[in-house]
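Peer 1: Here it is: the structure, laid out below.
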Amino acid sequence: MLFKKKNPIGLDIGSSYIKVVQLNDTKAGYELALYDSIAISQGIISDGVVLELEKDNLVNALKELMKKAGIKGGDAVIGIAGHSSAIIKNITIPLMAEEELANSIKYEAEQYVPFDINDVNLDFQILGTRPEGEGQMDVVLVAVKKTVVNDYCEVVEEAGLYPVVVDVDLFALSNMYEVNYGLTEGTIALINVGANTTNINILQNGQPVFTRDSAIGSNTHTDALERSLNISREDAERVKMGRSVEGVEPSDVQLALSSASEEIYSELHRSFEYFRSSVEGGDLSKIILSGGAAIIKGFPETMADRLGIEVEVADPFKNIKISGKLDAAYIKEIAPAAAVAVGLALRRIGDK
Ligand SMILES: Nc1ncnc2c1ncn2[C@@H]1O[C@H](COP(=O)(O)OP(=O)(O)OP(=O)(O)O)[C@@H](O)[C@H]1O
Ligand SMILES: [Mg+2]
């Protein structure tokens with residue numbers, strides 16, 4: 001073959017930014033061949049669902065991003081998030097072979113999925129046998145609403161791409177983590193704070209033991225800035241990114257940002273408390289923080305202080321070489337926001 005087929009792009013369609021990543025497989029490991037993003041208007045995506053009336057706007061934004069990034073077509077991996085679109089649950093069921101479970105998953109899943117079982121795509125991953133030898137095993141169950149998957153696929157196809165894998169943002173995060181940080185013993189939390197959603201994926205010796213998508217994110221910061229400083233949403237986004245806006249005092253910005261941050265920390269605190277009370281050995285040794293909010297000045301440091309847990313800002317390119325053609329300084333700066341897109345770009349056709 002003269003031309004090696006390119007890897008699918010990882011397409012993270014967030015509620016505030018669409019991010020795209022393409023990786024090359026090289027002898028020395030992964031290489032970041034492409035990164036780009038585009039802002040989308042608020043209200044196109046709500047709790048992980050594309051609003052019907054806004055579909056064309058999303059297609060147009062995606063086309064614009066592709067033009068900007070020089071993407072003409074090809075395969076894409078997309079991710080789903082949001083508690084009303086995707087359900088991920090750790091369940092314990094009788095010991096059986098993978099094949100057998102594939103056949104019976106629908107019946108096993110029925111009691112755990114709050115939607116009609118015929119309206120969801122089901123997937124699972126066997127985590128392992130229960131040590132007590134009670135003939136049971138732990139399984140991660142994934143159920144994604146078919147309508148949500150279809151909507152995203154339709155948008156992606158209309159923009160001229162071919163959706164080859166539909167993943168879940170939470171799992172994209174753990175793939176990103178494993179490739180860059182390897183298997184970590186003990187208990188760590190991967191936390192991705194986006195605009196609308198906070199994804200929490202707690203790993204114990206590399207396996208997901210607790211997952212949750214919370215409906216709080218960095219829009220809380222933007223809302224607080226808009227309200228307390230009486231400025232436009234655009235200006236709120238500007239000052240959030242550390243730029244100056246006429247008539248706005250940096251100390252007032254800090255004040256609004258910190259009160260919004262406290263709301264996010266409280267939500268995380270609640271989730272961790274729940275985790276501690278429901279999972280054995282629930283002592284977290286570290287938080288790996290990603291998402292656009294991780295870029296906000298002081299956000300990770302204060303999080304560590306409030307939760308009493310070490311916080312490390314994720315570098316999704318720790319173990320991925322950035323191509324010389326790209327602006328490495330810029331990419332390092334926005335890197336935490338690229339975490340999900342990198343995880344998606346790691347997926348290959350035929351992966352389970
Ligand atoms: N450089 C930056 N400095 C500060 N905040 C930033 C920066 N870049 C992005 N953000 C903020 O991060 C958020 C976007 O993060 P991200 O791209 O992870 O969210 P998303 O994927 O669009 O949203 P979601 O996953 O919740 O639907 C926005 O609220 C934005 O204001
Ligand atoms: Mg996101």
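If you're wondering about the labels, chains in the structure tokens are A, B, ... by order shown, residues count from 1 in each chain, ligands from 1 in order shown.
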Which residues of chain A sit at most 10 Å from ligand 2, using only C-alpha atoms and all ligand atoms? Give each one's shortest atom pair and distance in Å (one decimal place), in chain and ascending residue order, as CSV.
Peer 2:
residue,atom,partner,partner_atom_place_in_ligand_line,distance
A:Asp12,CA,ligand 2,1 (Mg),6.7
A:Ile13,CA,ligand 2,1 (Mg),7.0
A:Gly14,CA,ligand 2,1 (Mg),4.4
A:Ser15,CA,ligand 2,1 (Mg),6.8
A:Ser16,CA,ligand 2,1 (Mg),7.9
A:Tyr17,CA,ligand 2,1 (Mg),7.7
A:Ile18,CA,ligand 2,1 (Mg),8.4
A:Lys19,CA,ligand 2,1 (Mg),8.8
A:Gly48,CA,ligand 2,1 (Mg),9.2
A:Gly79,CA,ligand 2,1 (Mg),9.1
A:Ile80,CA,ligand 2,1 (Mg),9.3
A:Ala81,CA,ligand 2,1 (Mg),8.0
A:Gly82,CA,ligand 2,1 (Mg),9.8
A:Asp169,CA,ligand 2,1 (Mg),7.6
A:Leu170,CA,ligand 2,1 (Mg),9.9
A:Asn192,CA,ligand 2,1 (Mg),7.4
A:Val193,CA,ligand 2,1 (Mg),7.4
A:Gly194,CA,ligand 2,1 (Mg),4.7
A:Ala195,CA,ligand 2,1 (Mg),7.0
A:Asn196,CA,ligand 2,1 (Mg),7.8
A:Thr197,CA,ligand 2,1 (Mg),7.0
A:Thr198,CA,ligand 2,1 (Mg),8.1
A:Asn199,CA,ligand 2,1 (Mg),8.4
A:Gly217,CA,ligand 2,1 (Mg),9.5
A:Ser290,CA,ligand 2,1 (Mg),9.5
A:Gly291,CA,ligand 2,1 (Mg),6.5
A:Gly292,CA,ligand 2,1 (Mg),8.0
A:Ala337,CA,ligand 2,1 (Mg),7.7
A:Ala338,CA,ligand 2,1 (Mg),8.7
A:Ala339,CA,ligand 2,1 (Mg),8.8
A:Val340,CA,ligand 2,1 (Mg),6.8
A:Ala341,CA,ligand 2,1 (Mg),8.6
Peer 1: Once DSSP has gone over the backbone, tell me which residues of region 123-277 of chain A are in strand (DSSP E or B), as an NGL selection string.
Peer 2: :A and (123-129 or 136-145 or 162-168 or 187-193 or 198-204 or 207-214)
Peer 1: Extract the full set of helix (DSSP H, G or I) residues from region 2-204 of chain A according to DSSP on the backbone, and format it as number ranges by chain.
Peer 2: A: 52-69, 98-109, 117-119, 146-158, 169-181
Peer 1: The selected residues should be written to file as a PDB file, in the first residue's frame (atoms: C-alpha atoms).
Peer 2:
ATOM      1  CA  GLU A  52     -33.853  18.992  17.247  1.00  0.00           C
ATOM      2  CA  LEU A  53     -34.239  22.596  16.078  1.00  0.00           C
ATOM      3  CA  GLU A  54     -30.514  23.202  16.375  1.00  0.00           C
ATOM      4  CA  LYS A  55     -29.295  20.240  14.326  1.00  0.00           C
ATOM      5  CA  ASP A  56     -28.507  22.330  11.249  1.00  0.00           C
ATOM      6  CA  ASN A  57     -26.527  24.782  13.339  1.00  0.00           C
ATOM      7  CA  LEU A  58     -24.460  21.957  14.734  1.00  0.00           C
ATOM      8  CA  VAL A  59     -23.842  20.522  11.252  1.00  0.00           C
ATOM      9  CA  ASN A  60     -22.708  23.957  10.098  1.00  0.00           C
ATOM     10  CA  ALA A  61     -20.377  24.418  13.064  1.00  0.00           C
ATOM     11  CA  LEU A  62     -18.886  21.000  12.410  1.00  0.00           C
ATOM     12  CA  LYS A  63     -18.381  21.804   8.737  1.00  0.00           C
ATOM     13  CA  GLU A  64     -16.701  25.056   9.683  1.00  0.00           C
ATOM     14  CA  LEU A  65     -14.380  23.235  12.067  1.00  0.00           C
ATOM     15  CA  MET A  66     -13.508  20.688   9.364  1.00  0.00           C
ATOM     16  CA  LYS A  67     -12.722  23.449   6.909  1.00  0.00           C
ATOM     17  CA  LYS A  68     -10.550  25.226   9.471  1.00  0.00           C
ATOM     18  CA  ALA A  69      -8.734  21.993  10.341  1.00  0.00           C
ATOM     19  CA  GLU A  98     -18.695 -13.432  27.965  1.00  0.00           C
ATOM     20  CA  GLU A  99     -20.631 -14.970  25.102  1.00  0.00           C
ATOM     21  CA  GLU A 100     -23.428 -16.021  27.375  1.00  0.00           C
ATOM     22  CA  LEU A 101     -23.634 -12.549  28.856  1.00  0.00           C
ATOM     23  CA  ALA A 102     -23.751 -11.046  25.369  1.00  0.00           C
ATOM     24  CA  ASN A 103     -26.898 -13.060  24.794  1.00  0.00           C
ATOM     25  CA  SER A 104     -28.536 -12.294  28.111  1.00  0.00           C
ATOM     26  CA  ILE A 105     -27.374  -8.721  28.724  1.00  0.00           C
ATOM     27  CA  LYS A 106     -30.763  -7.345  27.784  1.00  0.00           C
ATOM     28  CA  TYR A 107     -32.444  -9.268  30.598  1.00  0.00           C
ATOM     29  CA  GLU A 108     -29.682  -8.577  33.106  1.00  0.00           C
ATOM     30  CA  ALA A 109     -29.755  -4.871  32.261  1.00  0.00           C
ATOM     31  CA  ILE A 117     -34.671  -1.566  27.229  1.00  0.00           C
ATOM     32  CA  ASN A 118     -35.582  -1.595  23.531  1.00  0.00           C
ATOM     33  CA  ASP A 119     -34.718   2.098  23.258  1.00  0.00           C
ATOM     34  CA  LYS A 146     -30.612   4.954  20.530  1.00  0.00           C
ATOM     35  CA  THR A 147     -32.196   8.284  19.621  1.00  0.00           C
ATOM     36  CA  VAL A 148     -29.214  10.170  21.047  1.00  0.00           C
ATOM     37  CA  VAL A 149     -26.730   7.993  19.159  1.00  0.00           C
ATOM     38  CA  ASN A 150     -28.735   8.363  15.949  1.00  0.00           C
ATOM     39  CA  ASP A 151     -28.906  12.144  16.292  1.00  0.00           C
ATOM     40  CA  TYR A 152     -25.145  12.483  16.706  1.00  0.00           C
ATOM     41  CA  CYS A 153     -24.473  10.072  13.833  1.00  0.00           C
ATOM     42  CA  GLU A 154     -26.859  11.986  11.606  1.00  0.00           C
ATOM     43  CA  VAL A 155     -25.100  15.287  12.340  1.00  0.00           C
ATOM     44  CA  VAL A 156     -21.668  13.787  11.750  1.00  0.00           C
ATOM     45  CA  GLU A 157     -22.763  12.151   8.480  1.00  0.00           C
ATOM     46  CA  GLU A 158     -24.370  15.318   7.260  1.00  0.00           C
ATOM     47  CA  ASP A 169     -16.886  10.359  27.346  1.00  0.00           C
ATOM     48  CA  LEU A 170     -16.188   8.677  30.679  1.00  0.00           C
ATOM     49  CA  PHE A 171     -14.395   5.789  29.007  1.00  0.00           C
ATOM     50  CA  ALA A 172     -12.567   8.077  26.607  1.00  0.00           C
ATOM     51  CA  LEU A 173     -11.146   9.721  29.729  1.00  0.00           C
ATOM     52  CA  SER A 174      -9.811   6.457  31.124  1.00  0.00           C
ATOM     53  CA  ASN A 175      -8.277   5.529  27.753  1.00  0.00           C
ATOM     54  CA  MET A 176      -6.574   8.918  27.632  1.00  0.00           C
ATOM     55  CA  TYR A 177      -5.312   8.337  31.163  1.00  0.00           C
ATOM     56  CA  GLU A 178      -3.991   4.840  30.582  1.00  0.00           C
ATOM     57  CA  VAL A 179      -2.049   5.770  27.457  1.00  0.00           C
ATOM     58  CA  ASN A 180      -0.418   8.730  29.182  1.00  0.00           C
ATOM     59  CA  TYR A 181      -0.020   7.577  32.763  1.00  0.00           C
TER      60      TYR A 181
END
Peer 1: Can you tell me which residues surround His83 (chain A) at a distance of at most 9 Å, considering only C-alpha atoms, apart from same-chain residues fewer than 3 positions away, and format the answer as a ChimeraX atom specification?
Peer 2: /A:47-48,86-88,212-215
Peer 1: Pick from A:Pro114, A:Pro336, A:Pro250, A:Pro316: nearest to Tyr30 (chain A), with only C-alpha atoms counted?
Peer 2: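 Of A:Pro114, A:Pro336, A:Pro250, A:Pro316, the one nearest Tyr30 (chain A), counting only C-alpha atoms, is A:Pro316.
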Peer 1: Between A:Ser232, A:Gln254, A:Thr211, A:Thr187, which is the closest to Asn90 (chain A) once you count only C-alpha atoms?
Peer 2: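 Between A:Ser232, A:Gln254, A:Thr211, A:Thr187, the residue approaching Asn90 (chain A) most closely is A:Thr211.
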Peer 1: Set the distance at 12 Å and use only C-alpha atoms: which residues neighbour Ala28 (chain A) once local chain neighbours fewer than 4 positions away are removed? I'd like the list as a PyMOL selection string.
Peer 2: chain A and resi 24+319-321
Peer 1: Keeping C-alpha atoms for every residue in the selection just given, could you write it to a file as a PDB file, in the first residue's frame?
Peer 2:
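part-v4.pdb written:
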ATOM      1  CA  ASN A  24      -0.700   8.871  13.954  1.00  0.00           C
ATOM      2  CA  ASN A 319       3.040  10.353  26.222  1.00  0.00           C
ATOM      3  CA  ILE A 320       1.978  11.626  22.792  1.00  0.00           C
ATOM      4  CA  LYS A 321       4.462  13.481  20.640  1.00  0.00           C
TER       5      LYS A 321
END
